[in-house]
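Novice: Data file structure31.cif (mmCIF, C-alpha atoms and all ligand atoms) is appended below.
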data_input
#
loop_
_atom_site.label_atom_id
_atom_site.label_comp_id
_atom_site.auth_asym_id
_atom_site.auth_seq_id
_atom_site.Cartn_x
_atom_site.Cartn_y
_atom_site.Cartn_z
CA MET V 1 78.08 127.85 105.93
CA THR V 2 76.35 128.08 102.57
CA PRO V 3 73.43 125.67 102.34
CA LEU V 4 74.20 122.65 100.22
CA ALA V 5 71.63 120.44 98.53
CA PRO V 6 71.69 116.78 99.61
CA ALA V 7 73.82 114.46 97.50
CA ALA V 8 72.26 112.58 94.58
CA PRO V 9 71.69 108.80 94.85
CA LEU V 10 74.78 106.73 94.12
CA PRO V 11 74.45 105.18 90.67
CA ASP V 12 76.44 102.01 91.37
CA LEU V 13 78.33 100.05 94.01
CA ARG V 14 81.83 101.14 93.04
CA ARG V 15 82.33 103.09 96.27
CA LEU V 16 80.56 100.61 98.56
CA CYS V 17 82.75 99.08 101.25
CA VAL V 18 81.44 96.81 104.00
CA HIS V 19 83.15 96.26 107.35
CA THR V 20 83.62 92.66 108.40
CA ILE V 21 82.01 93.51 111.76
CA THR V 22 78.78 94.32 109.89
CA THR V 23 78.37 90.64 109.05
CA LYS V 24 80.05 89.46 112.22
CA PRO V 25 78.80 85.84 112.09
CA TRP V 26 80.81 85.28 108.90
CA ALA V 27 84.47 84.28 108.92
CA ILE V 28 86.54 86.60 106.76
CA GLU V 29 86.78 84.01 103.96
CA THR V 30 82.99 83.73 103.82
CA ALA V 31 82.55 87.50 103.98
CA ALA V 32 85.01 87.96 101.10
CA ALA V 33 83.20 85.46 98.88
CA ARG V 34 79.73 86.83 99.66
CA PHE V 35 80.73 90.51 99.41
CA ALA V 36 82.35 89.93 96.02
CA ALA V 37 79.34 87.98 94.74
CA ALA V 38 77.01 90.80 95.86
CA GLY V 39 79.01 93.43 93.98
CA VAL V 40 80.52 95.05 97.06
CA ALA V 41 83.78 96.67 95.93
CA GLY V 42 85.70 97.21 99.18
CA ILE V 43 86.23 95.57 102.54
CA THR V 44 87.37 96.98 105.86
CA VAL V 45 88.89 94.27 108.00
CA TRP V 46 88.43 94.05 111.76
CA ARG V 47 91.46 92.60 113.45
CA ASP V 48 89.57 89.85 115.28
CA THR V 49 88.80 88.22 111.91
CA LEU V 50 92.54 87.73 111.34
CA ALA V 51 93.08 85.61 114.45
CA GLY V 52 94.97 82.41 113.66
CA ARG V 53 95.51 83.39 110.02
CA ASP V 54 98.48 84.38 107.89
CA VAL V 55 97.73 88.07 107.42
CA ALA V 56 99.55 88.49 104.09
CA LEU V 57 97.83 85.41 102.65
CA THR V 58 94.46 86.71 103.82
CA GLY V 59 95.19 90.01 102.08
CA ARG V 60 95.94 88.13 98.88
CA LEU V 61 92.70 86.16 99.21
CA LEU V 62 90.70 89.39 99.51
CA ARG V 63 92.39 90.90 96.47
CA ASP V 64 91.87 87.66 94.51
CA TYR V 65 88.14 88.19 95.05
CA GLY V 66 88.57 91.64 93.49
CA LEU V 67 87.98 93.43 96.78
CA ALA V 68 89.86 96.62 97.63
CA ILE V 69 91.19 96.51 101.18
CA VAL V 70 90.05 99.86 102.52
CA SER V 71 91.25 99.87 106.12
CA LEU V 72 92.07 97.86 109.21
CA CYS V 73 89.97 98.35 112.36
CA ARG V 74 91.17 99.16 114.80
CA GLY V 75 94.05 100.65 116.73
CA GLY V 76 93.99 103.26 119.45
CA PHE V 77 93.07 102.95 123.15
CA PHE V 78 96.15 105.03 123.97
CA PRO V 79 95.23 106.44 127.41
CA GLY V 80 96.23 104.47 130.46
CA ALA V 81 96.42 105.10 134.18
CA SER V 82 100.11 104.11 134.25
CA ALA V 83 103.10 104.56 131.97
CA ALA V 84 103.29 100.77 131.60
CA GLU V 85 99.71 100.59 130.32
CA ARG V 86 100.36 103.40 127.86
CA ALA V 87 103.53 101.69 126.59
CA LYS V 88 101.55 98.46 126.12
CA ALA V 89 98.97 100.37 124.06
CA ILE V 90 101.69 101.84 121.86
CA ASP V 91 103.08 98.33 121.27
CA ASP V 92 99.65 97.11 120.25
CA ASN V 93 99.34 99.98 117.79
CA ARG V 94 102.71 99.08 116.30
CA ARG V 95 101.34 95.56 115.80
CA ALA V 96 98.21 96.98 114.14
CA ILE V 97 100.36 99.03 111.74
CA ALA V 98 102.43 95.95 110.91
CA GLU V 99 99.25 93.93 110.32
CA ALA V 100 97.86 96.63 108.02
CA HIS V 101 101.11 96.60 106.07
CA ALA V 102 101.06 92.80 105.76
CA LEU V 103 97.39 92.81 104.79
CA GLY V 104 97.86 95.56 102.23
CA ALA V 105 95.54 98.03 104.01
CA PRO V 106 96.57 101.67 103.61
CA LEU V 107 94.80 102.87 106.75
CA VAL V 108 94.35 101.95 110.42
CA VAL V 109 91.24 103.39 112.08
CA LEU V 110 91.75 104.58 115.65
CA VAL V 111 89.27 104.30 118.49
CA CYS V 112 91.37 106.57 120.61
CA GLY V 113 90.47 105.42 124.13
CA ALA V 114 89.67 106.91 127.53
CA VAL V 115 90.12 105.92 131.16
CA PRO V 116 87.07 106.19 133.46
CA GLY V 117 87.76 108.87 136.04
CA GLN V 118 90.74 110.36 134.25
CA PRO V 119 90.11 113.91 132.98
CA LEU V 120 89.24 113.87 129.29
CA ALA V 121 91.82 116.56 128.53
CA GLU V 122 94.52 114.34 130.05
CA SER V 123 93.32 111.39 127.95
CA ARG V 124 93.51 113.58 124.85
CA ARG V 125 97.11 114.52 125.74
CA GLN V 126 97.94 110.82 126.04
CA ILE V 127 96.24 110.14 122.71
CA LEU V 128 98.34 112.85 121.08
CA ASP V 129 101.53 111.38 122.59
CA GLY V 130 100.54 107.84 121.62
CA ILE V 131 99.87 108.71 118.00
CA ALA V 132 103.11 110.72 117.79
CA ALA V 133 105.02 107.70 119.14
CA VAL V 134 103.94 105.43 116.29
CA LEU V 135 104.38 107.87 113.40
CA PRO V 136 107.83 106.50 112.46
CA GLU V 137 106.28 103.03 112.01
CA CYS V 138 103.45 104.54 109.94
CA ARG V 139 105.89 106.28 107.63
CA ALA V 140 108.01 103.14 107.23
CA ALA V 141 104.97 100.96 106.51
CA GLY V 142 103.21 103.47 104.26
CA VAL V 143 100.16 103.24 106.52
CA LYS V 144 98.01 106.19 107.60
CA LEU V 145 96.03 106.58 110.81
CA ALA V 146 92.44 107.84 110.96
CA ILE V 147 91.28 109.36 114.24
CA GLU V 148 87.60 108.43 114.60
CA PRO V 149 85.70 110.72 116.97
CA LEU V 150 83.13 108.72 118.94
CA HIS V 151 79.73 109.84 120.21
CA PRO V 152 80.01 111.40 123.69
CA MET V 153 78.13 108.46 125.23
CA TYR V 154 81.45 106.62 124.90
CA ALA V 155 83.56 109.34 126.52
CA ASP V 156 83.96 107.35 129.75
CA SER V 157 85.91 104.41 128.43
CA ARG V 158 86.16 104.27 124.64
CA SER V 159 87.21 107.70 123.39
CA ALA V 160 88.04 111.11 124.79
CA VAL V 161 87.78 112.40 121.21
CA ASN V 162 84.06 113.08 120.84
CA THR V 163 83.67 115.78 118.21
CA LEU V 164 85.08 116.31 114.77
CA ALA V 165 86.51 119.62 116.05
CA GLN V 166 88.61 117.72 118.61
CA ALA V 167 89.80 115.28 115.94
CA ASN V 168 90.70 118.17 113.61
CA ASP V 169 92.57 119.84 116.49
CA LEU V 170 94.65 116.67 116.97
CA VAL V 171 95.37 116.52 113.24
CA GLU V 172 96.58 120.13 113.34
CA GLN V 173 98.76 119.51 116.40
CA LEU V 174 100.31 116.35 114.94
CA ALA V 175 100.83 118.03 111.55
CA SER V 176 101.73 114.75 109.85
CA PRO V 177 100.61 113.55 106.41
CA GLN V 178 100.17 110.13 108.07
CA VAL V 179 97.31 111.32 110.29
CA GLY V 180 93.73 112.15 109.34
CA VAL V 181 90.15 111.53 110.39
CA ALA V 182 87.39 108.98 109.92
CA VAL V 183 83.96 110.62 109.83
CA ASP V 184 81.30 108.21 111.11
CA VAL V 185 77.73 109.46 110.87
CA TYR V 186 76.67 107.44 113.93
CA HIS V 187 79.01 109.40 116.15
CA LEU V 188 78.71 112.85 114.60
CA TRP V 189 75.27 113.38 113.05
CA TRP V 190 74.00 115.41 116.02
CA ASP V 191 76.85 117.96 116.06
CA PRO V 192 75.72 121.51 115.15
CA ALA V 193 79.27 122.20 113.90
CA LEU V 194 79.34 119.12 111.65
CA GLN V 195 79.14 120.88 108.29
CA SER V 196 81.82 123.45 109.14
CA GLU V 197 84.13 120.86 110.74
CA ILE V 198 83.81 118.54 107.74
CA ALA V 199 84.83 121.51 105.57
CA ARG V 200 87.76 122.22 107.92
CA CYS V 201 88.81 118.55 107.78
CA GLY V 202 88.79 118.84 104.00
CA ARG V 203 90.94 121.97 104.08
CA LEU V 204 93.41 120.10 106.28
CA GLY V 205 93.52 117.34 103.66
CA ALA V 206 92.61 114.99 106.48
CA LEU V 207 89.30 113.37 105.52
CA LEU V 208 90.43 109.76 105.09
CA ALA V 209 87.31 107.67 105.67
CA TYR V 210 83.52 107.92 105.75
CA HIS V 211 81.42 105.41 107.74
CA VAL V 212 77.64 105.03 107.44
CA CYS V 213 74.81 103.33 109.33
CA ASP V 214 71.76 104.81 111.08
CA TRP V 215 70.52 105.88 114.53
CA ARG V 216 67.49 103.98 115.82
CA THR V 217 64.78 105.39 118.06
CA PRO V 218 64.84 104.17 120.71
CA THR V 219 68.38 102.83 120.81
CA VAL V 220 68.21 99.88 123.19
CA ASP V 221 71.93 99.09 123.49
CA LEU V 222 74.70 101.69 123.55
CA LEU V 223 77.07 99.55 121.50
CA ASN V 224 75.22 96.96 119.45
CA ASP V 225 71.98 98.54 118.29
CA ARG V 226 72.98 100.54 115.25
CA GLY V 227 70.52 100.69 112.41
CA LEU V 228 70.93 99.84 108.78
CA MET V 229 70.80 102.95 106.62
CA GLY V 230 67.18 104.07 106.35
CA GLU V 231 66.15 102.61 109.70
CA GLY V 232 66.84 105.77 111.66
CA CYS V 233 67.04 109.54 111.72
CA ILE V 234 70.49 110.40 110.35
CA PRO V 235 70.37 112.76 107.33
CA LEU V 236 72.68 110.52 105.30
CA ARG V 237 72.41 112.24 101.92
CA GLN V 238 72.97 115.66 103.52
CA ILE V 239 76.11 114.52 105.35
CA ARG V 240 77.48 112.80 102.24
CA ALA V 241 76.98 116.06 100.32
CA TRP V 242 79.05 117.89 102.96
CA VAL V 243 81.74 115.20 102.78
CA GLU V 244 81.86 115.25 98.98
CA ALA V 245 81.93 119.07 98.92
CA THR V 246 85.46 118.74 100.34
CA GLY V 247 86.51 116.81 97.23
CA PHE V 248 86.30 113.45 99.01
CA GLN V 249 85.90 110.66 96.47
CA GLY V 250 86.63 107.74 98.77
CA TRP V 251 84.59 104.85 100.09
CA ASN V 252 81.18 104.80 101.69
CA GLU V 253 81.81 102.22 104.40
CA VAL V 254 78.88 100.36 105.92
CA GLU V 255 79.68 99.72 109.57
CA VAL V 256 76.77 98.34 111.57
CA PHE V 257 77.06 96.71 114.99
CA SER V 258 73.70 95.09 115.62
CA THR V 259 72.82 92.10 117.74
CA ARG V 260 69.40 92.19 116.05
CA LEU V 261 70.81 92.06 112.50
CA TRP V 262 73.57 89.57 113.33
CA ALA V 263 70.80 87.16 114.40
CA THR V 264 69.23 87.25 110.92
CA ASP V 265 70.21 85.26 107.83
CA GLN V 266 73.41 87.01 106.71
CA ASP V 267 72.91 86.39 102.98
CA ASP V 268 69.51 88.02 103.20
CA TYR V 269 71.01 90.81 105.31
CA LEU V 270 73.74 91.49 102.74
CA ARG V 271 71.04 91.93 100.09
CA LYS V 272 69.37 94.45 102.39
CA ILE V 273 72.67 96.27 102.91
CA VAL V 274 73.12 96.69 99.16
CA GLN V 275 69.53 97.89 98.76
CA ALA V 276 69.86 100.30 101.70
CA TYR V 277 73.03 101.66 100.14
CA ARG V 278 71.21 102.38 96.88
CA ASP V 279 68.15 103.84 98.61
CA HIS V 280 69.61 105.89 101.46
CA VAL V 281 73.36 106.59 101.34
ZN ZN M 1 83.17 103.97 112.31
#
Could you express the structure from this file as structure tokens?
Specialist:
Amino acid sequence: MTPLAPAAPLPDLRRLCVHTITTKPWAIETAAARFAAAGVAGITVWRDTLAGRDVALTGRLLRDYGLAIVSLCRGGFFPGASAAERAKAIDDNRRAIAEAHALGAPLVVLVCGAVPGQPLAESRRQILDGIAAVLPECRAAGVKLAIEPLHPMYADSRSAVNTLAQANDLVEQLASPQVGVAVDVYHLWWDPALQSEIARCGRLGALLAYHVCDWRTPTVDLLNDRGLMGEGCIPLRQIRAWVEATGFQGWNEVEVFSTRLWATDQDDYLRKIVQAYRDHV
């Protein structure tokens, strides 16, 4: 690949989206009010925040705050040891698609799933079948699916899709305009093929979402010790340049799972998120 200079700093917050999981202690109503007040332009909604709520009304509330609803997290977990488990997973994905439609979210992000002890190639076949099974619902609802490759440390139980190449392969096999990819720097920053696979994803017209955070050294928890941008070693500006070289003009989504940061004052933390976005994304 031709070398590409890192991206320039982002001049404003118009492409900043924050995931509700990033400020997990806040109910979605609180998150919406605080995000809007801080100048955050988009919100990605995690399904747990919708529990006990009217989904359509919640969507209206978010839009009334001026927030764009970027995506719903998450569907997936297609592999199962039995046909009954796999059918149950497909049903849950149909519910996720219906929720996205009711919320007004154009995209459902997929954590594709894996079964400990089951060969990864078999899990990937089940993921392919599972996604194919829900495509009619996607088309009817006008909702797309983004396959999010996860770091290989999660290959046992969370995702058998661990590289962008594997996600691009699935996109090619499914050959549906409803299916694309979410590129998350936390999962993919280490991959020597990242630049070329981002370019391939762009050629496929499949780059649907871009998630940012940082990788801390040492990482003390496999799931809940992500860093805020600037706290770690991910070359964020370089990866954004590769993403934008495909023509991507979508959201920069801040998705941070962090027990450490959830324990801090969330208003103060949101100010730090906005500053980290300006300084490092
Ligand atoms: Zn992500």
Novice: Between V:Val281, V:Leu174, V:Ala276, V:Leu62, which one has atoms that come closest to Ala8 in chain V, using all atoms listed in the file?
Specialist: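 Smallest separation from Ala8 in chain V among the options: V:Val281.
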Novice: Enumerate residues in contact with ligand ZN 1 (chain M): an atom-to-atom distance of at most 8 Å, counting all atoms listed in the file. Format the result as a PyMOL selection string.
Specialist: chain V and resi 148+182-187+210-212+255
Novice: For the point (73.6, 114.8, 101.7) in file coordinates, what residues are within 10 Å, counting only C-alpha atoms? Give the answer as number ranges by chain?
Specialist: V: 4-9, 235-245, 280-281
Novice: So which one's closest to Ser196 in chain V, V:Ile69, V:Ala165, V:Val55, V:Ala33? Using only C-alpha atoms, please.
Specialist: V:Ala165
Novice: What is the distance, in Å and to one decimal place, between CA of Trp26 in chain V and CA of Phe257 in chain V?
Specialist: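 Going from CA of Trp26 in chain V over to CA of Phe257 in chain V, I get 13.5 Å.
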Novice: When distances are computed from all atoms listed in the file, which of V:Glu85, V:Asp214, V:Asp279, V:Asp191 shows the smallest separation from Val115 in chain V?
Specialist: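 Under the stated criterion, the closest residue is V:Glu85.
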Novice: State, in Å with one decimal place, the distance from CA of Ala146 in chain V to CA of Ala56 in chain V.
Specialist: 21.7 Å
Novice: Could I get the residues of range 93-172 of chain V with an atom no further than 12 Å from an atom of range 42-45 of chain V, each paired with its nearest atom pair and that distance in Å to one decimal, using only C-alpha atoms, sorted by chain and residue number, as a tab-separated table?
Specialist:
residue	atom	partner	partner_atom	distance
V:Ala96	CA	V:Val45	CA	11.5
V:Glu99	CA	V:Val45	CA	10.6
V:Ala100	CA	V:Val45	CA	9.3
V:Leu103	CA	V:Val45	CA	9.2
V:Gly104	CA	V:Val45	CA	10.7
V:Ala105	CA	V:Thr44	CA	8.4
V:Pro106	CA	V:Thr44	CA	10.6
V:Leu107	CA	V:Thr44	CA	9.5
V:Val108	CA	V:Thr44	CA	9.7
V:Val109	CA	V:Thr44	CA	9.7
Novice: Pick out the residues sitting within 9 Å of range 135-140 of chain V, and hand them over as a list in words; count all atoms listed in the file, and ignore anything fewer than 5 positions along from it in its own chain.
Specialist: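 Once the nearby chain positions are removed, what remains is Arg94, Ile97, Ala98, Leu145, Ser176, Gln178 and Val179 of chain V.
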Novice: With only C-alpha atoms as the atoms that count, which of V:His151, V:Arg125, V:Arg60, V:Arg200 lies nearest to Val111 in chain V?
Specialist: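 Looking at the shortest contact to Val111 in chain V, the residue is V:His151.
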Novice: Would you list the contacts of Arg15 in chain V as an NGL selection string, taking every protein, DNA or RNA residue within 12 Å and counting all atoms listed in the file, but skipping same-chain residues closer than 6 positions in sequence?
Specialist: :V and (39-43 or 67-68 or 70 or 209-211 or 248-254 or 274 or 277-278 or 281)
Novice: Got time to write the residues from that selection, C-alpha atoms, as a PDB file, in the frame of the given file?
Specialist:
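Output file part_2.pdb follows:
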ATOM      1  CA  GLY V  39      79.010  93.430  93.980  1.00  0.00           C
ATOM      2  CA  VAL V  40      80.520  95.050  97.060  1.00  0.00           C
ATOM      3  CA  ALA V  41      83.780  96.670  95.930  1.00  0.00           C
ATOM      4  CA  GLY V  42      85.700  97.210  99.180  1.00  0.00           C
ATOM      5  CA  ILE V  43      86.230  95.570 102.540  1.00  0.00           C
ATOM      6  CA  LEU V  67      87.980  93.430  96.780  1.00  0.00           C
ATOM      7  CA  ALA V  68      89.860  96.620  97.630  1.00  0.00           C
ATOM      8  CA  VAL V  70      90.050  99.860 102.520  1.00  0.00           C
ATOM      9  CA  ALA V 209      87.310 107.670 105.670  1.00  0.00           C
ATOM     10  CA  TYR V 210      83.520 107.920 105.750  1.00  0.00           C
ATOM     11  CA  HIS V 211      81.420 105.410 107.740  1.00  0.00           C
ATOM     12  CA  PHE V 248      86.300 113.450  99.010  1.00  0.00           C
ATOM     13  CA  GLN V 249      85.900 110.660  96.470  1.00  0.00           C
ATOM     14  CA  GLY V 250      86.630 107.740  98.770  1.00  0.00           C
ATOM     15  CA  TRP V 251      84.590 104.850 100.090  1.00  0.00           C
ATOM     16  CA  ASN V 252      81.180 104.800 101.690  1.00  0.00           C
ATOM     17  CA  GLU V 253      81.810 102.220 104.400  1.00  0.00           C
ATOM     18  CA  VAL V 254      78.880 100.360 105.920  1.00  0.00           C
ATOM     19  CA  VAL V 274      73.120  96.690  99.160  1.00  0.00           C
ATOM     20  CA  TYR V 277      73.030 101.660 100.140  1.00  0.00           C
ATOM     21  CA  ARG V 278      71.210 102.380  96.880  1.00  0.00           C
ATOM     22  CA  VAL V 281      73.360 106.590 101.340  1.00  0.00           C
TER      23      VAL V 281
END
Novice: Measure the distance from CA of Arg74 in chain V to CA of Val161 in chain V in Å and round it to one decimal.
Specialist: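 Distance between the two atoms: 15.1 Å.
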Novice: Contacts of Cys201 in chain V at 7 Å or less, counting all atoms listed in the file, minus same-chain residues fewer than 5 places along, as a PyMOL selection string?
Specialist: chain V and resi 168+206-207
Novice: Could you work out an axis-aligned box for range 128-136 of chain V, taking every atom the file lists and adding 5 Å on each side, and report centre and edge lengths in Å to one decimal, as JSON?
Specialist:
{"center_x": 103.1, "center_y": 109.1, "center_z": 117.5, "size_x": 19.5, "size_y": 17.4, "size_z": 20.1}
Novice: Taking 4 positions as the minimum chain separation for residues in the same chain, which residues sit within 12 Å of Ser123 in chain V when counting all atoms listed in the file? Answer as a PyMOL selection string.
Specialist: chain V and resi 76-82+86+112-119+127-130+155-162
Novice: Excluding Gln266 in chain V and any residue of its chain fewer than 2 positions from it, enumerate the residues within 12 Å of it, using all atoms listed in the file, and give them as number ranges by chain.
Specialist: V: 20-27, 30-31, 34-35, 260-264, 268-273
Novice: Under the rule that all atoms listed in the file are counted, which of V:Arg14, V:Lys88, V:Arg63, V:Lys144 is the nearest residue to Ala38 in chain V?
Specialist: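 Using all atoms listed in the file, the shortest distance to Ala38 in chain V belongs to V:Arg14.
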